[in-house]
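Enquirer: Below is a structure I'd like to ask you about.
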Amino acid sequence: MASYSAPLRDMRFVYHELFDSSDISALPGFEEATPDLIDAVLEEAAKVCENELFPINRSGDEEGCRYHQGGEVTTPSGFRECYRAYAEAGWIGLSSDPQYGGQGLPAAISTLLEEMVCSSNIAFGTYVGLSRGAYRAIAAFGNDSLKTRYLPKLTSGEWSGTMCLTEPQCGTDLGLLRTRAEPNADGSYRVTGNKIFISAGEHDLTENIIHLVLARLPDAPAGVRGISLFLVPKFLPNPDGDPGERNGVLCTALENKMGIKASSTCAMNFDQATGWLIGSANKGMQAMFVMMNDARLGVGVQGLGLSESAYQAAVEYARERLQGRSVTGTKHPDKPADPILVHPDIRRTLLTMRALTEGNRAMATWIARHLDLRERAEDETTRASANDFVQLMTPIAKAFFTDYGFDITNMGLQVYGGHGYIRENGVEQYVRDARIAQIYEGANGVQALDLVGRKVPAHTGRYLRQFFHPVQSWIESHAFTPALQPFVMPLAKAFGRLQLATGHIAQVGLKNPNEAAAASSEYLRLFGLVALGYLWARMVEVALTHENGADQGFYDAKVATARHYMERILPQTGSLFAAIMAGASTMMDFPDEAF
Ligand SMILES: Cc1cc2nc3c(=O)[nH]c(=O)nc-3n(C[C@H](O)[C@H](O)[C@H](O)COP(=O)(O)OP(=O)(O)OC[C@H]3O[C@@H](n4cnc5c(N)ncnc54)[C@H](O)[C@@H]3O)c2cc1C
C-alpha cells in the first residue's frame, strides 16, 4: 500500500536556499515569517497531511460522496471530522488577511501547504481550494458589506465557497451562458438557471455554502461582455451573521466520475435565488478571472502534489519488488531475484518522475513568490513586474504541471506493473485523480491558447521580458563557470529554441492565427521545459556551494537529478521546436470529412 511523507527537506531547499526567503520576510506584513516560523509551519502541515488527510484518501475514493433525497450530499467517512480539525487549526486562512481572521502568511508558504494537501488527499483539497478562490474574488471586487459578512466565515472555514460557471451548453465558451439575474428593489438580485459540474456545490462539511455564480442581467450585451458575477449563499445570513432562511439553490444530482470521488461534483439549480452583485455589472469575467487565475495555479499544484505521491510510492515499490537480475550480473545473491530498482528502465522512469516533480516544485514556489511581491512590494514597479510574471506563468504552470501530473502518476503505475493496475496498492487512484486537473479551470489546450494568444503578445511582449531577461542574464553570467558547463550549455541551446519559436509564432500568428493556435500546446511545453532547465541549473549552482558540507547526499542527488534533466528531458525541446516550425498545414488542410 502506498504511503506518503511530506518532502520537507526539498521544500526548505526551494524556499530558503534556491530563492532568498529573507526578501519575502522583508515585505510589509510578513515580518513574522522568519525562517524558523516557516519551518515550524511546514512541519505542522506535514503532520496534518500525513496523519489526518492521507489515511482517508483511499477510503474516500472507495466510498465517494452520496446524494440524498431533498438535495443533501454527504461526504465519505472521516471527511467531516478532518475538515473541522483542519479549519479549527487555521489552515484554511493560512495566507488570508488577519483583518478577516487569517494568519497573513506568504502565498509561497500556502502553495507548499497546498502541495502537501493534494499529495495526501486531492479530493479534500478541492473543498478548501474553492473557498480560497471565493475569498480572493470577494476580497478583490466585493463591497465592504460583502467583505465584512463573508470573508471571516470563509477564512475560518465555517462556510465554504464554489465557482459556478459551467452550464450544459457552455463549458470553455462562457459567452454561451444563460443563467439570468433580475434586480430586486432592495439592490439584491434573483438568480435563475442551471449549472453543472460544480465542485463542492453541496456537501456536509460546512453550515453554509457561498456560490459565486456567473449570470446575465436583463439588458446585458450578448457574449462574454454581458456576464456579471453574483454571490448566492445556500442560506441567507441573518442580521447577526448566522445562516438563516434557505435560499432558492438546490443540488439536483451528483456526477459519477473517474476520479476525485470524494469531491462532490454537483448539478445545481438556482430558482429565483437571492444574490448580490460582485464588482460592476457586465464585468463578471474580470472578477471571475481573479478567482480562476488563483484556481489555475491551485490546479497546477494538484498535478505537482500527485506527482510527488506517485514518485514516493514508485520508489518504495522498486526497492521491494524482486524480479529478474541486473543485466550486468546479480546484485543481491542472497535474494531469489534483484529488486527492480536495478533495472535501467525503472531507474530512468524514477529519475524522470523526480526531475520533473522537483523542478515543478521549484517553479511553483518561484511563481508564488511573485504573488507575494505583487501584493506586498512597496514600490509600484516591483508590483507591476511581479504581476507581469504571474500573468505569463499561470497558464504554463496550470497545463505543464497537470499534463506531467498525469504522465508521472502513470509512470508510477508502470513501475508497479499489474500490481499498480489493480486497486489494492492505491496507485491507480493517483492516475484517475490526476486526470481531471488537465480539464477543469480551462482545459490545457485552452491554457496554451491563452499563452500564445494573450500572454505572449500582451503589451508588445512586456510579460515575456520577466522571464527572458533573468534567464538570459543568468546564462551570460555563468557561461564560463567550468563546474556549470554541463548545465549552462543545454539550457542555452533550449533557450535559443524558445526565443526562435517565440519570434516565429509572433510573426506567423499575426498573418494567420491558425499557425499560432496549432503550435500552442507544443510551445507551452517547450516554455515549461526551458523554465525547468533554468531552475535546475540554478539548483545545481546552489548545491555545488555545499561540496563536502553537511547533508551532502541531498546536494549530490540534486546535481545528479539535474544531469538527468539536462541530458534526457530538456533535449525534447528539439522535437517540440521542429513541430512548432512545421506549421499548421497538415492539420488545417486535412478535409473535415476525412477525419
Ligand atoms: C470533476 C469536475 C469538476 C468541475 N468543477 C467545476 C466547477 O467547480 N465550476 C465550474 O464552473 N465548472 C467545473 N467543471 C467544468 C470544467 O471547468 C469544464 O468541464 C471545462 O472548462 C471544459 O468545458 P467542457 O467540459 O464543456 O468542454 P468543452 O468546452 O466542450 O471543450 C471540449 C474540448 O474542446 C477544446 N476546446 C473548446 N474550445 C476550444 C477553443 N476555442 N480552442 C481550442 N480548443 C477548444 C477543449 O480544450 C476541450 O478539450 C468541472 C468539471 C469536472 C469534470
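Each chain in the C-alpha cells gets a letter, A, B, ..., in the order shown, and its residues are numbered from 1; ligands are numbered from 1 in order too.
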Would you mind listing, for every residue of chain A within 8 Å of ligand 1, the two atoms forming the shortest contact and the distance between them in Å to one decimal, using only C-alpha atoms and all ligand atoms, sorted by chain and ascending residue number, as CSV?

Expert:
residue,atom,partner,partner_atom_place_in_ligand_line,distance
A:Leu130,CA,ligand 1,8 (O),7.7
A:Thr162,CA,ligand 1,8 (O),6.2
A:Met163,CA,ligand 1,9 (N),4.8
A:Cys164,CA,ligand 1,11 (O),4.2
A:Leu165,CA,ligand 1,11 (O),3.4
A:Thr166,CA,ligand 1,11 (O),3.9
A:Glu167,CA,ligand 1,11 (O),7.5
A:Pro168,CA,ligand 1,26 (O),7.2
A:Gln169,CA,ligand 1,26 (O),7.2
A:Cys170,CA,ligand 1,26 (O),5.8
A:Gly171,CA,ligand 1,26 (O),3.2
A:Thr172,CA,ligand 1,29 (O),3.6
A:Asp173,CA,ligand 1,29 (O),6.0
A:Lys195,CA,ligand 1,11 (O),7.4
A:Ile196,CA,ligand 1,12 (N),6.9
A:Phe197,CA,ligand 1,50 (C),4.5
A:Ile198,CA,ligand 1,8 (O),3.9
A:Ser199,CA,ligand 1,8 (O),3.7
A:Ala200,CA,ligand 1,8 (O),6.9
A:Gly201,CA,ligand 1,8 (O),7.4
A:Glu255,CA,ligand 1,1 (C),7.9
A:Lys257,CA,ligand 1,1 (C),7.0
A:Gly259,CA,ligand 1,1 (C),7.7
A:Ile260,CA,ligand 1,1 (C),7.2
A:Ser263,CA,ligand 1,1 (C),7.9
A:Thr265,CA,ligand 1,3 (C),5.6
A:Ile436,CA,ligand 1,1 (C),6.1
A:Ile439,CA,ligand 1,20 (C),5.6
A:Tyr440,CA,ligand 1,17 (O),3.8
A:Glu441,CA,ligand 1,17 (O),4.8
A:Gly442,CA,ligand 1,21 (O),4.5
A:Ala443,CA,ligand 1,47 (O),4.5
A:Asn444,CA,ligand 1,47 (O),6.1
A:Gly445,CA,ligand 1,47 (O),4.6
A:Val446,CA,ligand 1,47 (O),5.1
A:Leu449,CA,ligand 1,42 (N),7.1
A:Ala517,CA,ligand 1,43 (C),7.9

Enquirer: Just list the residues in segment 67-298 of chain A DSSP gives alpha helix (DSSP H) on the backbone, as a CSV table (one decimal) with N, CA and C atoms, in the first residue's frame.

Expert:
chain,number,residue,atom,x,y,z
A,79,PHE,N,-14.4,12.6,6.6
A,79,PHE,CA,-14.1,13.9,6.0
A,79,PHE,C,-14.6,15.1,6.9
A,80,ARG,N,-15.8,14.9,7.5
A,80,ARG,CA,-16.3,16.0,8.4
A,80,ARG,C,-15.4,16.3,9.5
A,81,GLU,N,-15.0,15.2,10.2
A,81,GLU,CA,-14.1,15.4,11.4
A,81,GLU,C,-12.8,16.0,11.0
A,82,CYS,N,-12.3,15.5,9.9
A,82,CYS,CA,-11.0,16.0,9.4
A,82,CYS,C,-11.1,17.5,9.0
A,83,TYR,N,-12.2,17.8,8.3
A,83,TYR,CA,-12.4,19.2,7.9
A,83,TYR,C,-12.5,20.1,9.1
A,84,ARG,N,-13.2,19.7,10.1
A,84,ARG,CA,-13.4,20.5,11.3
A,84,ARG,C,-12.0,20.8,11.9
A,85,ALA,N,-11.2,19.7,12.1
A,85,ALA,CA,-9.9,19.9,12.7
A,85,ALA,C,-9.0,20.8,11.9
A,86,TYR,N,-9.1,20.6,10.6
A,86,TYR,CA,-8.2,21.4,9.7
A,86,TYR,C,-8.6,22.9,9.7
A,87,ALA,N,-9.9,23.1,9.8
A,87,ALA,CA,-10.4,24.5,9.8
A,87,ALA,C,-10.0,25.2,11.2
A,88,GLU,N,-10.3,24.4,12.2
A,88,GLU,CA,-10.1,25.0,13.6
A,88,GLU,C,-8.6,25.3,13.8
A,107,ALA,N,2.0,33.7,0.4
A,107,ALA,CA,1.5,32.7,-0.6
A,107,ALA,C,2.5,31.6,-0.9
A,108,ALA,N,3.8,32.0,-0.9
A,108,ALA,CA,4.8,31.0,-1.2
A,108,ALA,C,4.7,29.8,-0.2
A,109,ILE,N,4.3,30.1,1.0
A,109,ILE,CA,4.1,29.0,2.0
A,109,ILE,C,2.8,28.3,1.8
A,110,SER,N,1.7,29.0,1.6
A,110,SER,CA,0.5,28.3,1.4
A,110,SER,C,0.5,27.4,0.2
A,111,THR,N,1.3,27.8,-0.8
A,111,THR,CA,1.5,26.9,-2.0
A,111,THR,C,2.1,25.6,-1.6
A,112,LEU,N,3.1,25.6,-0.7
A,112,LEU,CA,3.7,24.4,-0.3
A,112,LEU,C,2.7,23.5,0.5
A,113,LEU,N,1.9,24.2,1.4
A,113,LEU,CA,0.8,23.5,2.1
A,113,LEU,C,-0.1,22.8,1.1
A,114,GLU,N,-0.5,23.6,0.1
A,114,GLU,CA,-1.5,23.0,-0.9
A,114,GLU,C,-0.9,21.8,-1.6
A,115,GLU,N,0.4,21.9,-1.9
A,115,GLU,CA,1.1,20.7,-2.5
A,115,GLU,C,0.9,19.5,-1.6
A,116,MET,N,1.2,19.7,-0.3
A,116,MET,CA,1.0,18.5,0.7
A,116,MET,C,-0.4,18.0,0.7
A,117,VAL,N,-1.4,19.0,0.8
A,117,VAL,CA,-2.8,18.6,0.8
A,117,VAL,C,-3.1,17.7,-0.4
A,118,CYS,N,-2.7,18.2,-1.6
A,118,CYS,CA,-3.0,17.5,-2.8
A,118,CYS,C,-2.3,16.1,-2.9
A,119,SER,N,-1.1,16.0,-2.4
A,119,SER,CA,-0.4,14.8,-2.3
A,119,SER,C,-1.1,13.8,-1.5
A,120,SER,N,-1.7,14.3,-0.4
A,120,SER,CA,-2.2,13.3,0.6
A,120,SER,C,-3.7,13.1,0.4
A,121,ASN,N,-4.4,14.1,-0.2
A,121,ASN,CA,-5.9,13.8,-0.4
A,121,ASN,C,-6.4,15.0,-1.3
A,122,ILE,N,-6.3,14.8,-2.6
A,122,ILE,CA,-6.6,15.9,-3.5
A,122,ILE,C,-8.1,16.2,-3.4
A,123,ALA,N,-9.0,15.2,-3.2
A,123,ALA,CA,-10.4,15.4,-3.1
A,123,ALA,C,-10.7,16.4,-2.0
A,124,PHE,N,-10.1,16.2,-0.8
A,124,PHE,CA,-10.3,17.0,0.3
A,124,PHE,C,-9.8,18.5,-0.1
A,125,GLY,N,-8.7,18.5,-0.8
A,125,GLY,CA,-8.2,19.8,-1.2
A,125,GLY,C,-9.1,20.6,-2.1
A,126,THR,N,-10.0,20.0,-2.8
A,126,THR,CA,-10.9,20.8,-3.7
A,126,THR,C,-11.9,21.6,-2.8
A,127,TYR,N,-12.3,21.1,-1.7
A,127,TYR,CA,-13.2,21.9,-0.8
A,127,TYR,C,-12.5,23.2,-0.3
A,128,VAL,N,-11.3,23.0,0.2
A,128,VAL,CA,-10.6,24.2,0.8
A,128,VAL,C,-10.1,25.1,-0.3
A,129,GLY,N,-9.7,24.5,-1.4
A,129,GLY,CA,-9.2,25.3,-2.5
A,129,GLY,C,-10.3,26.3,-3.1
A,130,LEU,N,-11.5,25.8,-3.2
A,130,LEU,CA,-12.6,26.6,-3.8
A,130,LEU,C,-12.9,27.8,-2.8
A,131,SER,N,-12.8,27.5,-1.5
A,131,SER,CA,-13.1,28.6,-0.5
A,131,SER,C,-12.1,29.7,-0.7
A,132,ARG,N,-10.8,29.3,-0.9
A,132,ARG,CA,-9.8,30.3,-1.0
A,132,ARG,C,-10.0,31.1,-2.3
A,133,GLY,N,-10.4,30.5,-3.4
A,133,GLY,CA,-10.7,31.2,-4.6
A,133,GLY,C,-11.9,32.2,-4.4
A,134,ALA,N,-12.9,31.8,-3.7
A,134,ALA,CA,-14.1,32.6,-3.5
A,134,ALA,C,-13.6,33.8,-2.6
A,135,TYR,N,-12.8,33.5,-1.6
A,135,TYR,CA,-12.3,34.6,-0.7
A,135,TYR,C,-11.6,35.6,-1.5
A,136,ARG,N,-10.7,35.2,-2.5
A,136,ARG,CA,-10.0,36.2,-3.3
A,136,ARG,C,-10.9,37.1,-4.1
A,137,ALA,N,-11.9,36.4,-4.8
A,137,ALA,CA,-12.7,37.2,-5.6
A,137,ALA,C,-13.5,38.2,-4.8
A,138,ILE,N,-14.0,37.8,-3.7
A,138,ILE,CA,-14.8,38.8,-2.9
A,138,ILE,C,-13.9,39.9,-2.3
A,139,ALA,N,-12.7,39.5,-1.9
A,139,ALA,CA,-11.7,40.4,-1.3
A,139,ALA,C,-11.3,41.5,-2.4
A,140,ALA,N,-11.2,41.0,-3.7
A,140,ALA,CA,-10.7,41.9,-4.7
A,140,ALA,C,-11.9,42.8,-5.2
A,141,PHE,N,-13.1,42.3,-5.3
A,141,PHE,CA,-14.2,43.0,-6.0
A,141,PHE,C,-15.4,43.3,-5.2
A,144,ASP,N,-17.8,46.6,0.8
A,144,ASP,CA,-17.4,46.4,2.2
A,144,ASP,C,-18.4,45.5,2.9
A,145,SER,N,-19.6,45.7,2.6
A,145,SER,CA,-20.6,44.9,3.3
A,145,SER,C,-20.4,43.4,3.0
A,146,LEU,N,-20.2,43.0,1.8
A,146,LEU,CA,-20.0,41.6,1.4
A,146,LEU,C,-18.7,41.1,2.1
A,147,LYS,N,-17.7,42.0,2.1
A,147,LYS,CA,-16.4,41.5,2.7
A,147,LYS,C,-16.6,41.2,4.2
A,148,THR,N,-17.2,42.2,4.9
A,148,THR,CA,-17.4,42.0,6.3
A,148,THR,C,-18.2,40.8,6.6
A,149,ARG,N,-19.2,40.5,5.8
A,149,ARG,CA,-20.1,39.4,6.1
A,149,ARG,C,-19.5,38.1,5.8
A,150,TYR,N,-18.8,38.0,4.6
A,150,TYR,CA,-18.5,36.7,4.2
A,150,TYR,C,-17.0,36.3,4.4
A,151,LEU,N,-16.1,37.3,4.3
A,151,LEU,CA,-14.7,36.9,4.4
A,151,LEU,C,-14.3,36.2,5.7
A,152,PRO,N,-14.7,36.7,6.9
A,152,PRO,CA,-14.3,36.0,8.1
A,152,PRO,C,-14.8,34.5,8.1
A,153,LYS,N,-16.0,34.3,7.6
A,153,LYS,CA,-16.6,32.9,7.6
A,153,LYS,C,-15.8,32.0,6.7
A,154,LEU,N,-15.4,32.6,5.5
A,154,LEU,CA,-14.7,31.7,4.6
A,154,LEU,C,-13.3,31.5,5.1
A,155,THR,N,-12.7,32.5,5.8
A,155,THR,CA,-11.4,32.3,6.4
A,155,THR,C,-11.4,31.2,7.5
A,156,SER,N,-12.4,31.3,8.3
A,156,SER,CA,-12.4,30.3,9.4
A,156,SER,C,-12.8,28.9,8.9
A,284,GLY,N,-18.3,40.7,-15.0
A,284,GLY,CA,-18.2,39.5,-14.1
A,284,GLY,C,-16.9,38.7,-14.5
A,285,MET,N,-16.6,38.7,-15.8
A,285,MET,CA,-15.4,37.9,-16.2
A,285,MET,C,-14.1,38.4,-15.6
A,286,GLN,N,-14.1,39.7,-15.4
A,286,GLN,CA,-12.9,40.3,-14.8
A,286,GLN,C,-12.8,39.8,-13.4
A,287,ALA,N,-13.9,39.8,-12.6
A,287,ALA,CA,-13.8,39.3,-11.2
A,287,ALA,C,-13.6,37.8,-11.2
A,288,MET,N,-14.2,37.1,-12.1
A,288,MET,CA,-14.1,35.6,-12.2
A,288,MET,C,-12.7,35.3,-12.5
A,289,PHE,N,-12.0,36.1,-13.3
A,289,PHE,CA,-10.6,35.8,-13.7
A,289,PHE,C,-9.7,35.8,-12.5
A,290,VAL,N,-10.0,36.7,-11.5
A,290,VAL,CA,-9.2,36.7,-10.3
A,290,VAL,C,-9.3,35.3,-9.6
A,291,MET,N,-10.5,34.9,-9.5
A,291,MET,CA,-10.7,33.6,-8.9
A,291,MET,C,-10.1,32.4,-9.8
A,292,MET,N,-10.3,32.6,-11.1
A,292,MET,CA,-9.8,31.5,-11.9
A,292,MET,C,-8.3,31.5,-12.0
A,293,ASN,N,-7.7,32.6,-12.0
A,293,ASN,CA,-6.2,32.6,-12.0
A,293,ASN,C,-5.6,32.0,-10.8
A,294,ASP,N,-6.3,32.3,-9.7
A,294,ASP,CA,-5.8,31.7,-8.4
A,294,ASP,C,-6.0,30.2,-8.5
A,295,ALA,N,-7.2,29.9,-9.0
A,295,ALA,CA,-7.6,28.4,-9.1
A,295,ALA,C,-6.7,27.7,-10.1
A,296,ARG,N,-6.2,28.4,-11.1
A,296,ARG,CA,-5.4,27.7,-12.1
A,296,ARG,C,-4.0,27.3,-11.5
A,297,LEU,N,-3.5,28.2,-10.7
A,297,LEU,CA,-2.2,27.9,-10.0
A,297,LEU,C,-2.5,26.7,-9.1
A,298,GLY,N,-3.7,26.8,-8.4
A,298,GLY,CA,-4.0,25.8,-7.4
A,298,GLY,C,-4.2,24.4,-8.1

Enquirer: Output as a short mmCIF file (atom, residue, chain, number, x, y, z; two decimals) with C-alpha atoms, in the first residue's frame all residues of segment 189-264 of chain A that backbone DSSP marks as strand (DSSP E or B).

Expert:
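That gives us states.cif:
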data_model
loop_
_atom_site.label_atom_id
_atom_site.label_comp_id
_atom_site.auth_asym_id
_atom_site.auth_seq_id
_atom_site.Cartn_x
_atom_site.Cartn_y
_atom_site.Cartn_z
CA TYR A 189 -30.93 40.10 -7.48
CA ARG A 190 -32.97 36.97 -8.29
CA VAL A 191 -30.72 34.40 -9.94
CA THR A 192 -32.27 31.66 -12.07
CA GLY A 193 -30.61 28.92 -14.12
CA ASN A 194 -28.92 25.51 -14.18
CA LYS A 195 -25.25 24.89 -13.59
CA ILE A 196 -23.43 21.58 -13.99
CA PHE A 197 -20.15 20.09 -12.75
CA ILE A 198 -19.99 22.39 -9.72
CA SER A 199 -17.27 21.21 -7.35
CA ASN A 208 -23.31 27.39 4.71
CA ILE A 209 -22.06 27.33 1.10
CA ILE A 210 -21.32 30.55 -0.78
CA HIS A 211 -21.77 30.20 -4.52
CA LEU A 212 -20.11 32.66 -6.87
CA VAL A 213 -22.34 32.49 -9.93
CA LEU A 214 -21.92 33.89 -13.43
CA ALA A 215 -25.23 35.18 -14.83
CA ARG A 216 -26.67 37.73 -17.25
CA SER A 228 -21.90 39.54 -14.26
CA LEU A 229 -20.79 37.80 -11.06
CA PHE A 230 -23.15 37.19 -8.13
CA LEU A 231 -22.71 35.95 -4.63
CA VAL A 232 -25.51 33.49 -3.82
CA PRO A 233 -25.47 31.83 -0.38
CA PHE A 235 -28.63 30.04 3.49
CA LEU A 236 -29.28 33.78 3.61
CA PRO A 237 -27.37 35.24 6.56
CA PRO A 243 -27.18 31.24 8.44
CA GLY A 244 -30.92 31.96 8.26
CA GLU A 245 -33.60 31.25 5.66
CA ARG A 246 -32.88 28.67 2.97
CA VAL A 249 -30.43 26.90 -4.53
CA LEU A 250 -30.65 23.13 -4.84
CA CYS A 251 -28.27 20.34 -5.78
CA THR A 252 -30.26 18.16 -8.19
CA ALA A 253 -27.70 15.42 -8.85
CA LEU A 254 -24.16 14.24 -8.24
#

Enquirer: Just the residues within 6 Å of Glu515 of chain A, please, counting only C-alpha atoms, with nothing from its chain fewer than 3 positions along; format it as an MDAnalysis selection string.

Expert: chainID A and resid 509 512 518 583:584

Enquirer: Those same residues, written as a short mmCIF file (atom, residue, chain, number, x, y, z; two decimals), in the first residue's frame with N, CA and C atoms?

Expert:
data_model
loop_
_atom_site.label_atom_id
_atom_site.label_comp_id
_atom_site.auth_asym_id
_atom_site.auth_seq_id
_atom_site.Cartn_x
_atom_site.Cartn_y
_atom_site.Cartn_z
N GLY A 509 1.75 34.11 -36.58
CA GLY A 509 0.44 34.20 -35.93
C GLY A 509 -0.29 35.47 -36.32
N ASN A 512 -1.71 34.61 -39.80
CA ASN A 512 -2.69 33.52 -39.79
C ASN A 512 -2.80 32.96 -38.37
N ALA A 518 -2.13 26.36 -33.73
CA ALA A 518 -1.69 24.99 -34.00
C ALA A 518 -0.40 24.67 -33.24
N GLY A 583 4.49 24.14 -38.82
CA GLY A 583 3.31 24.91 -39.24
C GLY A 583 2.02 24.12 -39.12
N ALA A 584 0.94 24.80 -39.54
CA ALA A 584 -0.41 24.28 -39.28
C ALA A 584 -0.98 23.48 -40.44
#

Enquirer: Residues within 10 Å of Ser575 of chain A, please, as a ChimeraX atom specification. Count only C-alpha atoms; anything in the same chain fewer than 4 positions from it doesn't count.

Expert: /A:522,526,571,579-581

Enquirer: By how many Å are atom CA of Lys398 of chain A and atom CA of Ala492 of chain A apart?

Expert: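 The value is 24.7 Å.
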
Enquirer: Find the residues around segment 329-346 of chain A up to 12 Å (only C-alpha atoms counted), leave out those fewer than 2 positions away in its own chain, and share them as a list in words.

Expert: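 So the residues in contact are Tyr311, Ala314, Val315, Glu316, Tyr317, Ala318, Arg319, Glu320, Arg321, Leu322, Gln323, Gly324, Arg325, Ser326, Val327, Arg348, Thr349, Leu350, Leu351, Thr352, Met353, Met411, Gly412, Leu413, Gln414, Val415, Tyr416 and Gly417 of chain A.
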
Enquirer: Could the residues in this selection be written to a file with C-alpha atoms, as a PDB file, in the first residue's frame?

Expert:
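Okay, this is what ended up in part.pdb:
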ATOM      1  CA  TYR A 311       7.108   9.151  -7.083  1.00  0.00           C
ATOM      2  CA  ALA A 314       7.129   4.020  -7.023  1.00  0.00           C
ATOM      3  CA  VAL A 315      10.500   4.313  -5.275  1.00  0.00           C
ATOM      4  CA  GLU A 316       9.254   2.304  -2.306  1.00  0.00           C
ATOM      5  CA  TYR A 317       7.927  -0.423  -4.570  1.00  0.00           C
ATOM      6  CA  ALA A 318      11.041  -0.513  -6.769  1.00  0.00           C
ATOM      7  CA  ARG A 319      13.154  -1.227  -3.685  1.00  0.00           C
ATOM      8  CA  GLU A 320      10.904  -4.071  -2.506  1.00  0.00           C
ATOM      9  CA  ARG A 321       9.769  -5.840  -5.646  1.00  0.00           C
ATOM     10  CA  LEU A 322      12.124  -8.670  -6.626  1.00  0.00           C
ATOM     11  CA  GLN A 323      12.100  -9.550 -10.328  1.00  0.00           C
ATOM     12  CA  GLY A 324      14.922 -10.656 -12.632  1.00  0.00           C
ATOM     13  CA  ARG A 325      18.605  -9.991 -12.294  1.00  0.00           C
ATOM     14  CA  SER A 326      20.621  -6.933 -13.156  1.00  0.00           C
ATOM     15  CA  VAL A 327      21.848  -7.115 -16.780  1.00  0.00           C
ATOM     16  CA  ARG A 348      15.064   6.074 -15.982  1.00  0.00           C
ATOM     17  CA  THR A 349      11.399   6.209 -15.044  1.00  0.00           C
ATOM     18  CA  LEU A 350      12.073   7.117 -11.416  1.00  0.00           C
ATOM     19  CA  LEU A 351      14.603   9.804 -12.255  1.00  0.00           C
ATOM     20  CA  THR A 352      12.309  11.309 -14.858  1.00  0.00           C
ATOM     21  CA  MET A 353       9.491  11.449 -12.308  1.00  0.00           C
ATOM     22  CA  MET A 411       4.775   6.258 -14.850  1.00  0.00           C
ATOM     23  CA  GLY A 412       4.375   5.405 -11.164  1.00  0.00           C
ATOM     24  CA  LEU A 413       1.682   2.870 -12.037  1.00  0.00           C
ATOM     25  CA  GLN A 414       4.012   1.347 -14.663  1.00  0.00           C
ATOM     26  CA  VAL A 415       6.691   0.775 -12.022  1.00  0.00           C
ATOM     27  CA  TYR A 416       4.138  -1.329 -10.121  1.00  0.00           C
ATOM     28  CA  GLY A 417       3.248  -3.342 -13.227  1.00  0.00           C
TER      29      GLY A 417
END

Enquirer: Within 9 Å of Glu308 of chain A, counting only C-alpha atoms, which residues qualify if same-chain residues fewer than 5 places away don't, as a PyMOL selection string?

Expert: chain A and resi 4+6-7+115-116+119+303+313+353-354+357-358+405+408-409

Enquirer: Can you pull out every residue within 10 Å of segment 26-37 of chain A, counting only C-alpha atoms, but drop anything in the same chain fewer than 5 positions away, and send it as a list of chain:residue names?

Expert: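 Counting only the stated atoms, we get A:Arg12, A:Tyr15, A:His16, A:Ser21, A:Leu42, A:Glu43, A:Asp97, A:Pro98, A:Gly104, A:Leu105, A:Pro106, A:Ile109, A:Asp372, A:Leu373, A:Glu375, A:Arg376, A:Ala377, A:Glu378.
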
Enquirer: In Å, rounded to a single decimal, give me how far atom CA of Gly553 of chain A is from atom CA of Met566 of chain A.

Expert: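 A separation of 19.9 Å between them.
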
Enquirer: As an exercise, work out the distance from atom CA of Ala2 of chain A to atom CA of Lys47 of chain A in Å and give it to one decimal place.

Expert: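 That distance, rounded to one decimal, is 16.9 Å.
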
Enquirer: Restricting the calculation to only C-alpha atoms, which member of A:Ala437, A:Val431, A:Arg538, A:Ile422 is positioned closest to Asp407 of chain A?

Expert: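 Nearest candidate to Asp407 of chain A out of A:Ala437, A:Val431, A:Arg538, A:Ile422: A:Val431.
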
Enquirer: With only C-alpha atoms as the atoms that count, which of A:Val471, A:Leu529, A:Ile396, A:Val456 lies nearest to Gln507 of chain A?

Expert: A:Val456
